[in-house]
Every structure is written in C-alpha cells, then in structure tokens.
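Chemist: Data file my_file-v5.cif (mmCIF, C-alpha atoms) is appended below.
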```
data_data
#
loop_
_atom_site.label_atom_id
_atom_site.label_comp_id
_atom_site.auth_asym_id
_atom_site.auth_seq_id
_atom_site.Cartn_x
_atom_site.Cartn_y
_atom_site.Cartn_z
CA MET W 6 6.07 20.83 20.54
CA ASP W 7 5.34 17.93 22.88
CA GLN W 8 2.67 15.34 23.61
CA THR W 9 0.11 18.03 24.47
CA HIS W 10 -0.04 19.00 20.77
CA ASP W 11 -0.82 15.52 19.46
CA PRO W 12 -3.85 15.99 17.17
CA SER W 13 -5.05 12.48 17.99
CA LEU W 14 -5.48 13.27 21.68
CA THR W 15 -9.07 12.95 22.89
CA CYS W 16 -10.70 14.21 26.07
CA TRP W 17 -13.23 12.74 28.50
CA VAL W 18 -15.10 16.08 28.42
CA GLU W 19 -17.51 15.38 25.55
CA SER W 20 -17.91 19.01 24.44
CA ALA W 21 -14.14 19.23 23.82
CA GLU W 22 -14.43 16.88 20.86
CA GLY W 23 -15.45 17.55 17.26
CA ALA W 24 -15.33 21.19 16.18
CA ALA W 25 -14.79 22.54 19.69
CA GLU W 26 -13.12 25.91 20.06
CA PHE W 27 -11.32 24.72 23.18
CA PRO W 28 -10.09 21.16 22.52
CA ILE W 29 -7.54 19.46 24.75
CA GLN W 30 -4.75 20.79 22.50
CA ASN W 31 -5.67 24.41 23.39
CA LEU W 32 -6.07 24.75 27.20
CA PRO W 33 -6.18 28.56 27.55
CA PHE W 34 -6.15 30.21 30.99
CA GLY W 35 -8.68 32.68 32.34
CA ILE W 36 -10.26 34.05 35.51
CA PHE W 37 -13.86 33.11 36.27
CA ARG W 38 -16.44 33.03 39.01
CA ARG W 39 -19.79 31.33 39.20
CA ARG W 40 -22.56 33.56 37.89
CA GLY W 41 -24.17 35.49 40.75
CA GLU W 42 -21.41 34.47 43.16
CA GLY W 43 -19.70 37.88 43.48
CA GLY W 44 -16.29 38.39 44.95
CA PRO W 45 -12.91 37.69 43.33
CA GLY W 46 -12.49 35.15 40.57
CA ARG W 47 -10.19 32.17 40.37
CA VAL W 48 -8.03 30.49 37.76
CA GLY W 49 -9.64 28.19 35.23
CA VAL W 50 -8.77 26.43 31.99
CA ALA W 51 -11.26 26.30 29.11
CA ILE W 52 -12.06 22.79 27.89
CA GLY W 53 -14.97 22.40 25.47
CA ASP W 54 -17.90 24.36 26.90
CA MET W 55 -16.65 23.78 30.45
CA ILE W 56 -14.07 25.35 32.76
CA LEU W 57 -11.55 23.28 34.67
CA ASP W 58 -11.43 24.80 38.17
CA LEU W 59 -7.77 24.64 39.18
CA ALA W 60 -8.53 25.40 42.81
CA ALA W 61 -10.85 22.39 42.92
CA CYS W 62 -8.17 20.28 41.22
CA HIS W 63 -5.62 21.33 43.81
CA ALA W 64 -7.99 20.65 46.70
CA GLY W 65 -8.70 17.19 45.29
CA GLY W 66 -5.05 16.34 44.79
CA GLN W 67 -5.22 16.24 40.99
CA LEU W 68 -2.35 18.73 40.56
CA GLY W 69 1.18 18.18 41.77
CA GLY W 70 4.09 20.57 41.72
CA THR W 71 5.55 22.81 44.36
CA GLY W 72 3.41 24.52 46.96
CA ARG W 73 4.39 27.86 45.45
CA LEU W 74 3.13 26.82 42.04
CA THR W 75 -0.21 25.49 43.23
CA ALA W 76 -0.81 28.46 45.53
CA VAL W 77 -0.28 30.90 42.68
CA ALA W 78 -1.97 28.88 39.96
CA CYS W 79 -5.04 27.88 41.94
CA GLY W 80 -5.70 30.54 44.54
CA ALA W 81 -5.05 33.86 42.87
CA PRO W 82 -7.77 36.20 41.48
CA ALA W 83 -5.58 37.06 38.46
CA LEU W 84 -3.01 35.33 36.27
CA ASN W 85 -0.16 37.73 37.07
CA GLY W 86 1.50 35.37 39.54
CA LEU W 87 1.45 32.45 37.15
CA MET W 88 2.61 34.71 34.32
CA GLY W 89 5.59 35.78 36.39
CA MET W 90 6.77 32.23 37.09
CA GLY W 91 8.15 31.69 33.62
CA ALA W 92 7.81 29.35 30.69
CA GLU W 93 8.90 26.09 32.35
CA THR W 94 6.31 26.42 35.10
CA ARG W 95 3.62 27.22 32.54
CA ARG W 96 4.59 24.26 30.37
CA GLY W 97 4.64 21.94 33.36
CA LEU W 98 1.15 23.00 34.40
CA ARG W 99 -0.08 22.58 30.81
CA ARG W 100 1.27 19.00 30.75
CA GLN W 101 -0.44 18.20 34.06
CA VAL W 102 -3.77 19.58 32.90
CA SER W 103 -3.49 17.74 29.57
CA ALA W 104 -2.77 14.43 31.33
CA LEU W 105 -5.72 14.95 33.69
CA LEU W 106 -8.16 15.64 30.85
CA ARG W 107 -7.07 12.91 28.43
CA ALA W 108 -9.65 10.25 27.64
CA ASP W 109 -7.31 7.62 29.11
CA SER W 110 -6.62 9.65 32.27
CA PRO W 111 -6.14 7.25 35.23
CA ALA W 112 -7.69 9.83 37.56
CA TYR W 113 -10.91 9.92 35.54
CA ARG W 114 -11.03 6.19 34.83
CA SER W 115 -10.85 5.43 38.54
CA ASP W 116 -13.39 8.14 39.43
CA PRO W 117 -16.02 8.86 36.74
CA GLY W 118 -17.63 11.44 39.05
CA LEU W 119 -14.48 13.56 38.96
CA GLY W 120 -15.97 15.99 36.45
CA ASP W 121 -18.78 16.95 38.82
CA ARG W 122 -16.20 18.25 41.30
CA ILE W 123 -13.67 20.00 39.07
CA LEU W 124 -15.69 21.29 36.10
CA VAL W 125 -17.96 24.33 35.88
CA ALA W 126 -20.12 25.08 32.84
CA GLN W 127 -19.08 28.23 31.00
CA SER W 128 -22.78 29.10 30.73
CA ASP W 129 -22.94 29.20 34.54
CA SER W 130 -19.85 31.39 34.85
CA GLU W 131 -18.84 35.01 34.54
CA MET W 132 -15.48 35.75 32.93
CA LEU W 133 -13.34 38.52 34.41
CA LEU W 134 -10.18 40.24 33.20
CA PRO W 135 -7.48 37.57 33.03
CA ALA W 136 -4.81 39.79 34.59
CA ALA W 137 -4.39 42.95 36.58
CA VAL W 138 -2.95 45.00 33.71
CA GLY W 139 -0.40 47.45 35.03
CA ASP W 140 0.63 48.92 31.69
CA TYR W 141 -0.82 48.77 28.19
CA THR W 142 0.99 49.54 24.94
CA ASP W 143 -0.65 49.60 21.52
CA PHE W 144 1.45 49.15 18.39
CA TYR W 145 0.91 49.86 14.69
CA ALA W 146 2.36 46.60 13.36
CA SER W 147 0.34 46.15 10.15
CA VAL W 148 1.98 47.79 7.14
CA HIS W 149 -1.27 47.37 5.21
CA HIS W 150 -3.23 49.28 7.86
CA ALA W 151 -0.55 51.97 8.11
CA THR W 152 -0.45 52.37 4.32
CA ASN W 153 -4.24 52.53 3.98
CA VAL W 154 -4.63 55.13 6.72
CA GLY W 155 -1.68 57.12 5.43
CA SER W 156 -3.19 57.13 1.94
CA MET W 157 -6.32 58.85 3.26
CA PHE W 158 -4.45 61.69 4.89
CA ARG W 159 -1.15 61.83 2.98
CA PRO W 160 -1.78 60.45 -0.53
CA ASP W 161 1.68 61.48 -1.71
CA ASN W 162 3.48 60.04 1.31
CA PRO W 163 1.29 57.36 2.94
CA LEU W 164 4.00 55.52 4.88
CA LEU W 165 6.31 57.66 6.99
CA SER W 166 10.04 57.10 6.67
CA ASN W 167 10.53 55.47 10.09
CA TYR W 168 7.82 52.81 9.74
CA LYS W 169 9.97 50.01 8.30
CA TRP W 170 12.79 50.64 10.75
CA LEU W 171 11.00 50.25 14.10
CA PRO W 172 7.63 49.17 15.51
CA ILE W 173 5.55 52.31 16.07
CA GLY W 174 3.47 52.37 19.25
CA TYR W 175 1.93 54.48 21.98
CA HIS W 176 1.12 53.98 25.65
CA GLY W 177 -2.57 53.33 26.23
CA ARG W 178 -4.72 53.43 29.34
CA ALA W 179 -4.74 50.25 31.48
CA SER W 180 -7.58 51.39 33.75
CA SER W 181 -10.17 51.33 30.95
CA ILE W 182 -9.43 47.79 29.74
CA VAL W 183 -12.65 45.78 30.13
CA PRO W 184 -13.59 42.12 29.59
CA SER W 185 -15.68 40.90 26.69
CA GLY W 186 -19.38 41.67 27.07
CA THR W 187 -18.91 44.99 28.87
CA PRO W 188 -21.04 47.78 27.29
CA VAL W 189 -19.04 50.68 25.86
CA SER W 190 -20.41 54.20 26.21
CA ARG W 191 -19.95 56.47 23.21
CA PRO W 192 -17.15 58.87 24.23
CA GLN W 193 -17.42 62.63 24.27
CA GLY W 194 -14.70 65.06 23.40
CA GLN W 195 -13.52 67.88 21.20
CA SER W 196 -13.67 67.62 17.43
CA LYS W 197 -13.37 70.12 14.63
CA SER W 198 -14.69 69.85 11.11
CA ALA W 199 -12.76 71.36 8.21
CA GLU W 200 -15.48 73.98 7.75
CA ALA W 201 -15.71 75.07 11.40
CA GLU W 202 -13.71 77.99 12.78
CA SER W 203 -13.40 76.41 16.23
CA PRO W 204 -13.85 72.98 17.82
CA SER W 205 -16.99 71.80 19.59
CA PHE W 206 -17.55 69.36 22.45
CA GLY W 207 -19.98 66.46 22.24
CA PRO W 208 -20.42 62.74 21.54
CA SER W 209 -18.14 61.21 18.94
CA ARG W 210 -19.83 60.82 15.56
CA LEU W 211 -17.12 58.61 14.04
CA LEU W 212 -16.81 55.74 16.52
CA ASP W 213 -14.79 52.78 15.24
CA TYR W 214 -13.38 49.42 16.32
CA GLU W 215 -9.90 48.02 15.70
CA MET W 216 -9.32 44.27 15.38
CA GLU W 217 -6.07 43.46 17.19
CA LEU W 218 -4.11 40.65 18.80
CA GLY W 219 -2.84 41.23 22.32
CA LEU W 220 0.02 39.54 24.15
CA PHE W 221 0.52 39.28 27.90
CA ILE W 222 3.99 39.65 29.35
CA ALA W 223 5.36 36.77 31.42
CA SER W 224 8.19 37.32 33.91
CA GLY W 225 9.31 40.72 32.62
CA ASN W 226 12.72 42.39 32.75
CA PRO W 227 14.55 44.60 35.27
CA LEU W 228 14.64 48.35 34.69
CA GLY W 229 17.62 49.23 32.49
CA GLN W 230 18.05 45.74 31.00
CA ALA W 231 16.88 45.21 27.44
CA VAL W 232 15.47 41.88 26.30
CA PRO W 233 17.47 40.46 23.37
CA ILE W 234 15.43 39.43 20.33
CA GLU W 235 16.62 35.84 20.84
CA ARG W 236 14.95 35.71 24.28
CA ALA W 237 11.97 37.96 23.61
CA GLU W 238 9.50 35.10 23.27
CA ASP W 239 10.42 33.96 26.79
CA GLN W 240 8.60 37.11 27.89
CA ILE W 241 5.32 36.16 26.18
CA PHE W 242 2.79 34.25 28.31
CA GLY W 243 0.00 34.11 25.74
CA PHE W 244 -2.40 35.95 23.47
CA CYS W 245 -5.93 37.34 23.49
CA LEU W 246 -8.16 39.31 21.11
CA VAL W 247 -8.29 43.10 21.50
CA ASN W 248 -10.79 45.71 20.34
CA ASP W 249 -9.07 49.08 20.59
CA TRP W 250 -12.17 51.30 20.29
CA SER W 251 -11.35 54.56 18.51
CA ALA W 252 -13.16 57.89 18.14
CA ARG W 253 -11.89 58.99 14.75
CA ASP W 254 -13.21 62.55 14.88
CA LEU W 255 -11.66 63.17 18.30
CA GLN W 256 -8.45 61.55 17.09
CA ALA W 257 -8.17 63.74 13.99
CA TRP W 258 -8.31 66.91 16.11
CA GLU W 259 -6.08 65.91 19.00
CA TYR W 260 -3.37 63.61 17.59
CA GLN W 261 -0.91 66.31 16.51
CA PRO W 262 1.79 66.60 17.73
CA LEU W 263 1.82 63.83 20.39
CA GLY W 264 -0.52 61.16 19.03
CA PRO W 265 -3.62 59.36 20.42
CA PHE W 266 -5.10 60.40 23.77
CA LEU W 267 -8.82 60.78 24.57
CA ALA W 268 -9.80 59.20 21.26
CA LYS W 269 -8.43 55.88 22.49
CA ASN W 270 -8.41 55.74 26.29
CA PHE W 271 -12.15 55.53 26.99
CA ALA W 272 -12.33 51.72 26.51
CA THR W 273 -10.35 48.73 25.27
CA THR W 274 -12.13 45.36 25.20
CA ILE W 275 -10.24 42.07 25.47
CA SER W 276 -11.28 38.44 25.20
CA PRO W 277 -11.22 36.55 28.53
CA TRP W 278 -9.18 33.47 27.56
CA VAL W 279 -5.40 33.68 27.18
CA VAL W 280 -4.14 31.20 24.58
CA THR W 281 -0.60 30.33 25.62
CA LEU W 282 2.43 30.55 23.39
CA GLU W 283 2.73 26.76 23.72
CA ALA W 284 -0.74 26.18 22.26
CA LEU W 285 0.26 28.26 19.21
CA GLU W 286 3.44 26.31 18.43
CA PRO W 287 1.82 24.28 15.62
CA PHE W 288 0.72 27.53 13.96
CA ARG W 289 4.04 29.28 13.63
CA ALA W 290 4.68 31.17 10.41
CA PRO W 291 7.61 33.04 8.88
CA ALA W 292 7.85 36.75 9.55
CA ALA W 293 6.06 38.81 6.89
CA THR W 294 7.89 38.92 3.59
CA ARG W 295 9.72 42.18 3.01
CA SER W 296 10.22 43.64 -0.43
CA PRO W 297 13.75 43.94 -1.86
CA GLU W 298 13.56 47.69 -1.22
CA ASP W 299 12.75 47.27 2.47
CA PRO W 300 15.60 47.72 4.96
CA ARG W 301 16.80 44.73 6.93
CA PRO W 302 15.87 45.11 10.61
CA LEU W 303 18.63 46.49 12.80
CA PRO W 304 20.52 43.79 14.76
CA HIS W 305 18.50 44.20 17.99
CA LEU W 306 15.32 43.42 16.00
CA ASP W 307 16.73 40.64 13.83
CA SER W 308 17.34 36.92 14.32
CA ALA W 309 17.22 33.81 12.16
CA ARG W 310 14.59 32.22 14.40
CA ASN W 311 12.36 35.29 14.16
CA THR W 312 12.65 35.40 10.38
CA GLU W 313 11.86 31.70 9.99
CA ALA W 314 9.02 31.32 12.51
CA GLY W 315 8.43 34.56 14.40
CA ALA W 316 4.82 35.11 13.30
CA VAL W 317 1.68 33.34 14.53
CA ALA W 318 -0.98 32.43 11.97
CA VAL W 319 -4.08 33.50 13.89
CA THR W 320 -7.11 34.14 11.70
CA VAL W 321 -9.18 37.04 13.03
CA GLU W 322 -12.75 37.92 12.10
CA VAL W 323 -15.03 40.87 12.86
CA TYR W 324 -18.83 40.57 12.97
CA LEU W 325 -21.45 43.29 13.45
CA SER W 326 -24.95 43.04 14.88
CA SER W 327 -27.14 46.16 14.81
CA ALA W 328 -30.16 46.70 17.04
CA GLY W 329 -32.32 46.36 13.93
CA MET W 330 -30.75 43.03 13.07
CA ARG W 331 -31.34 41.69 16.56
CA ASP W 332 -34.98 42.84 16.46
CA ARG W 333 -35.44 40.81 13.27
CA ARG W 334 -33.41 37.85 14.62
CA ILE W 335 -30.78 38.21 11.91
CA GLU W 336 -27.41 36.66 12.75
CA PRO W 337 -24.37 38.95 13.02
CA VAL W 338 -22.79 39.66 9.64
CA ARG W 339 -19.08 39.16 9.06
CA LEU W 340 -17.33 42.36 8.02
CA SER W 341 -13.75 41.14 7.63
CA ARG W 342 -11.30 38.28 7.95
CA GLY W 343 -7.56 38.81 8.32
CA SER W 344 -4.46 37.08 9.64
CA ALA W 345 -1.91 38.05 12.25
CA ALA W 346 0.68 36.41 9.99
CA ASP W 347 0.40 39.52 7.78
CA LEU W 348 1.76 41.83 10.48
CA TYR W 349 5.00 43.54 9.45
CA TRP W 350 6.44 43.27 12.94
CA THR W 351 6.41 40.01 14.95
CA PRO W 352 5.49 39.61 18.64
CA ALA W 353 9.17 39.08 19.54
CA GLN W 354 10.13 42.29 17.76
CA LEU W 355 7.47 44.22 19.69
CA VAL W 356 8.90 42.97 23.00
CA ALA W 357 12.53 43.54 21.97
CA HIS W 358 11.83 47.06 20.75
CA HIS W 359 9.74 47.97 23.81
CA THR W 360 12.61 47.07 26.14
CA SER W 361 15.48 48.24 23.92
CA ASN W 362 15.80 51.50 25.84
CA GLY W 363 15.77 49.71 29.20
CA CYS W 364 12.02 49.98 29.79
CA ASN W 365 10.93 47.35 32.30
CA LEU W 366 7.94 45.16 31.45
CA ARG W 367 6.06 43.41 34.25
CA PRO W 368 3.92 40.27 34.50
CA GLY W 369 0.45 40.99 33.16
CA ASP W 370 1.43 43.98 31.02
CA LEU W 371 -0.53 43.99 27.75
CA LEU W 372 0.96 44.73 24.33
CA ALA W 373 -1.43 44.95 21.38
CA SER W 374 -0.55 44.60 17.72
CA GLY W 375 -2.55 47.49 16.34
CA THR W 376 -5.19 46.94 13.67
CA ILE W 377 -4.67 43.69 11.76
CA SER W 378 -5.28 44.32 8.07
CA GLY W 379 -4.18 42.41 4.99
CA PRO W 380 -3.72 43.32 1.34
CA ALA W 381 -7.36 42.65 0.35
CA LYS W 382 -10.34 44.87 1.18
CA GLU W 383 -12.12 42.03 3.01
CA SER W 384 -9.16 41.76 5.39
CA ARG W 385 -9.27 45.36 6.62
CA GLY W 386 -9.63 45.40 10.39
CA CYS W 387 -11.53 48.64 11.08
CA LEU W 388 -14.35 50.71 9.60
CA LEU W 389 -12.02 53.59 8.79
CA GLU W 390 -10.43 51.33 6.18
CA LEU W 391 -13.48 49.25 5.20
CA THR W 392 -15.58 52.33 4.40
CA TRP W 393 -12.56 54.37 3.30
CA ARG W 394 -13.20 57.12 5.83
CA GLY W 395 -16.95 56.91 5.23
CA ALA W 396 -16.84 57.32 1.43
CA GLU W 397 -17.87 53.68 0.82
CA PRO W 398 -20.60 52.81 3.37
CA LEU W 399 -21.38 49.18 4.24
CA THR W 400 -24.88 47.81 3.75
CA LEU W 401 -26.23 45.47 6.45
CA PRO W 402 -28.79 42.68 5.83
CA THR W 403 -31.57 44.98 7.09
CA GLY W 404 -30.74 47.61 4.46
CA GLU W 405 -29.12 49.85 7.09
CA THR W 406 -25.83 51.44 6.09
CA ARG W 407 -22.76 52.06 8.20
CA LYS W 408 -19.88 54.46 7.80
CA PHE W 409 -19.02 54.22 11.49
CA LEU W 410 -20.68 52.62 14.52
CA GLU W 411 -24.16 53.62 15.69
CA ASP W 412 -25.62 53.29 19.19
CA GLY W 413 -26.83 49.75 19.74
CA ASP W 414 -24.27 48.20 17.38
CA GLU W 415 -22.48 45.18 18.79
CA VAL W 416 -19.00 44.30 17.54
CA ILE W 417 -18.01 40.63 17.88
CA MET W 418 -14.42 39.58 17.24
CA ARG W 419 -13.33 35.95 16.89
CA GLY W 420 -10.02 34.24 16.31
CA PHE W 421 -8.81 30.75 15.49
CA CYS W 422 -5.86 28.74 14.18
CA GLU W 423 -6.03 25.77 11.84
CA ARG W 424 -3.71 23.85 9.55
CA ALA W 425 -3.30 20.31 8.28
CA GLY W 426 -1.85 17.95 10.87
CA ALA W 427 -2.91 20.02 13.89
CA ALA W 428 -6.07 20.35 15.97
CA ARG W 429 -8.00 23.54 15.29
CA ILE W 430 -8.03 25.90 18.29
CA GLY W 431 -10.05 29.04 19.02
CA PHE W 432 -9.75 32.20 21.09
CA GLY W 433 -13.38 32.70 22.11
CA GLU W 434 -15.07 36.04 21.57
CA CYS W 435 -14.23 39.68 22.17
CA ARG W 436 -17.64 41.35 22.28
CA GLY W 437 -18.86 44.87 23.06
CA ARG W 438 -22.07 46.81 22.45
CA VAL W 439 -22.16 50.57 21.95
CA ARG W 440 -24.50 52.49 24.22
CA PRO W 441 -25.35 56.20 23.99
CA ALA W 442 -22.99 58.78 25.41
CA ILE W 443 -23.49 59.60 29.06
CA VAL W 444 -24.43 63.29 28.88
CA ARG W 445 -24.46 65.09 32.20
CA GLY W 446 -26.37 68.30 32.63
#
```
Let's see the structure in the file written out as structure tokens.
Modeler:
Amino acid sequence: MDQTHDPSLTCWVESAEGAAEFPIQNLPFGIFRRRGEGGPGRVGVAIGDMILDLAACHAGGQLGGTGRLTAVACGAPALNGLMGMGAETRRGLRRQVSALLRADSPAYRSDPGLGDRILVAQSDSEMLLPAAVGDYTDFYASVHHATNVGSMFRPDNPLLSNYKWLPIGYHGRASSIVPSGTPVSRPQGQSKSAEAESPSFGPSRLLDYEMELGLFIASGNPLGQAVPIERAEDQIFGFCLVNDWSARDLQAWEYQPLGPFLAKNFATTISPWVVTLEALEPFRAPAATRSPEDPRPLPHLDSARNTEAGAVAVTVEVYLSSAGMRDRRIEPVRLSRGSAADLYWTPAQLVAHHTSNGCNLRPGDLLASGTISGPAKESRGCLLELTWRGAEPLTLPTGETRKFLEDGDEVIMRGFCERAGAARIGFGECRGRVRPAIVRG
C-alpha cells in the first residue's frame, strides 16, 4: 500500500470521478489502437472512460525512468515485456502514472491542453489481447463448483480424494484465447447420449460459460526451479476476467481418461484490462476457511502470509442477453454473483503448485481459477450448476427458458472490488456472443 491507494485522491480526468470503474486508484494496463486504425496496438492505462496513451506520454516527456523501461512500456504491441520486468518496475510506472493524473499534477496545471495529446476515448478505441499468451492453464480452484459438479455425476463421492491436497488443473489452448467482444462459434464434435449405441458428430447442444478469474505471469522462473510459496506473488502481474466456454456434451464423452480437450479449446474469452496486483492490495482477504476435517496444505503450498491475506475479494457477476431480449430492448439479466475470495486455492498456491515440479512459467502466461462458485445457488458460476444439468431451467424476462446457451445469446461478465475505506475499482467487461456452428459441406 502506498500513496496511489489513497481513497481521497482525485483526478483531472472528469470521468474518473464518482462511480467510475477505472478511478485513479485502479490504473489497469491494456493494449489498444484507435478504431479503424489497423496495425499493432500500443500500451494504455484505463482512466475513467479514457485511455492514457503511454507512447504519447513518453514522446511528450511525461514519463521518466530508464530507456529500457520506456521502450518496453510505451512502444510494445503487448504487455509481455513490461510483465517480464518485475514488480518494482511495475510499481514505479504505476506511481508515475498516478502522479501525472492527479488533480494537483504540476504537468496538467501548467498545460491544461495536455489531455488532448495523451488521452484517447475508449469509445474511439479497439481493445486487443493484453499479452501474447504463450501458455494457458485452467484450474479447478472452487470447492463449491467441484462439489456441485461431482454431485451430479458421483452422488456418493462428489469430491475426489486428491482435491483438498493440490490444485487440480489442465493445460488449455493459448491460440484460441480471444478478447472481449469476439463472437464465439458454437463448436462441433462427438457426443454420445446414454440411449445411443454409438456417438454422433455435430454442433454442441449443451454449450456453457464458466465465470473465472485469470492471472498473468510476470517475470517467470527458469526451467527446473520451483517458485516458493513465499515468493509466488512476485510472479503475478495482474488479473483479468475469463470466460472458459465449455461444450458439456462433448466434454462428457471425451473427458475420460485424460480430461478436457475439444470441449474446451475452441474459445476462451478474456477481458482486455489487466488489474495489477498493486491495485488489489486494499482488497486482500484471508484464504478460504477450511473445515477441521480438511488437511493442512503441504509445506510447499503453505505460508502464514498466504493464510492471512492470500485471497483477493473480487466480486464477479454474469449477465445474459438473448436475441429476443435485445429485440425488445430489455437489459441483460444478471444470472449470478460470486466472489473470488471463496476459492479454495489462492493465486499464490496456483503459481507455487504449477512450478513445484520445475515447470517454467513465462511472462504473459495465463492461469485461470476455474469456475468461481460460492455456497449459495445465486453464486454458481456456470449454467451446468445454475440449471443443475438442465433439470432446473432458467426463465428470462421474455419468458424464454434456458438450460444451456442458445445461438444469439450474449454472455457478459463483470468484476469489481469494494470495501469501506478504499476506492471502488472495476475490471471492465468480458463479453461474447454465440453464433451458429460453422457447418461445412
């Protein structure tokens, strides 16, 4: 915590005041380009409904620091370089940006036209993927989600014996990660009903979303060297929202014995702004409470700091807008609200476990939490849980019902943090609309 977290700080960008999602206390990083401009993007910082163009700041002399820092931070088409420079560099850049944007900024007071040169309206911009993601890992960190899903398929043994000993995960597909707003085609694949003698090939009928929190790796670790739990957070640059689209019928047929494959790798949508670990400091929370019967984590997954403040209290919400709702100008309806503080495994534990065998993580790698679900029905983070495998359909404001997603449905995910004594910060949106399967003759 430092002066950048002061809830009394105000900004000369008017839209950053009030109930703004991106106040001066947030300052998330992303990659943008002017709408219709084409070509590679450049690094920006969200402030109110504007984007601070770091390249323009550098050209105008508003940013100091070493030449290496400014070249990476301002000129690159992805955040990987900045991610790889470590926490102190990131914190230093955050302090510079905060000082530049403060209402009492000397740079702005002496030059009221500064904003015209270094700010770009978000409405005039196109957001790209924040990083070139080399590797993507998806975890299963919510014990509530794991228990609910296990109850559907194994009522007598919903939670497998290894779950409370280590974070379960699988390696996803980095090439199909797309930014918010990208349409998602309904996947095709093999599925087999219980009544059928053999599988069939065709569009998924049980398409689902999964509300997740993603973390981007910072500097990474050399091959063969594990990251101790005490230093795992040094490897976290920041967080985004993740929709891990899932074809449940394809998944049910293919997942044994090696787990998810084609049911997951057709698309993963992420929000464009990366909220840094520093911005989340005021919203730390204790690791999820374990019952007296639960095992204590093994030493490589256990530390006093992680137990006391290893979780982040990010509230996550899922909204749905059907084609019928949009035709009738009905606002998206909220399906669920949960909290990342309910996850059984913390971000540091995910990093420590991932590297415990010597696996090397690299700047820009993405680790996702898995579906975030809480103990209450309204906190369940996917339709598989909300409709209990289709047995309890949802009713939309139009009278339409949903067991799983239909073509034309748009899923909108939002996240925010708030608590007394701190400025409320947001994550922006993670949005994707389902379009019909691409069927080739």
Chemist: Can you build me a table of range 45-70 of chain W residues sitting at most 6 Å from range 116-130 of chain W, with the closest atom pair per residue and its distance in Å to one decimal, using only C-alpha atoms, sorted by chain and residue number, as a tab-separated table?
Modeler:
```
residue	atom	partner	partner_atom	distance
W:Asp54	CA	W:Gln127	CA	5.8
W:Met55	CA	W:Ala126	CA	4.4
W:Ile56	CA	W:Val125	CA	5.1
W:Leu57	CA	W:Leu124	CA	4.8
W:Asp58	CA	W:Ile123	CA	5.4
W:Ala61	CA	W:Ile123	CA	5.3
W:Cys62	CA	W:Ile123	CA	5.9
```
Chemist: Any chance you could resolve the PyMOL selection byres ((chain W and resi 247) around 12) against this file and give the residues as number ranges by chain?
Modeler: W: 141-144, 182-185, 214-221, 244-246, 248-250, 272-279, 321-323, 371-377, 386, 416-420, 432-437
Chemist: Expand the PyMOL selection byres ((chain W and resi 296-311) around 12) into the individual residues it matches in the shown file, reporting them as a PyMOL selection string.
Modeler: chain W and resi 148+166-172+231-238+289-295+312-317+349-362
Chemist: Can you pull out every residue within 8 Å of Ala151 in chain W, counting all atoms listed in the file, but drop anything in the same chain fewer than 6 positions away, and send it as a list in words?
Modeler: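 Near Ala151 in chain W, the qualifying residues are Tyr145, Pro163 and Leu164 of chain W.
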Chemist: Record the distance separating CA of Met88 in chain W and CA of Val319 in chain W, expressed in Å with one decimal.
Modeler: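 Atom-to-atom, CA of Met88 in chain W and CA of Val319 in chain W are spaced 21.5 Å apart.
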Chemist: Edge lengths and centre, in Å to one decimal, as lines of an AutoDock Vina configuration file: that's what I need for the box along x, y and z that holds all listed atoms of range 40-47 of chain W plus 4 Å on each side.
Modeler:
```
center_x = -17.2
center_y = 35.3
center_z = 41.4
size_x = 22.0
size_y = 14.2
size_z = 15.1
```
Chemist: The PyMOL selection byres ((chain W and resi 132-139) around 6) on the file shown: which residues, as an MDAnalysis selection string?
Modeler: chainID W and resid 35:37 83:85 131 140 179 184 277 369:370
Chemist: With all atoms listed in the file as the basis for distance, which of W:Gly395, W:Gly69, W:Pro28, W:Gly264 is at the shortest distance from Gly174 in chain W?
Modeler: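 Under the stated criterion, the closest residue is W:Gly264.
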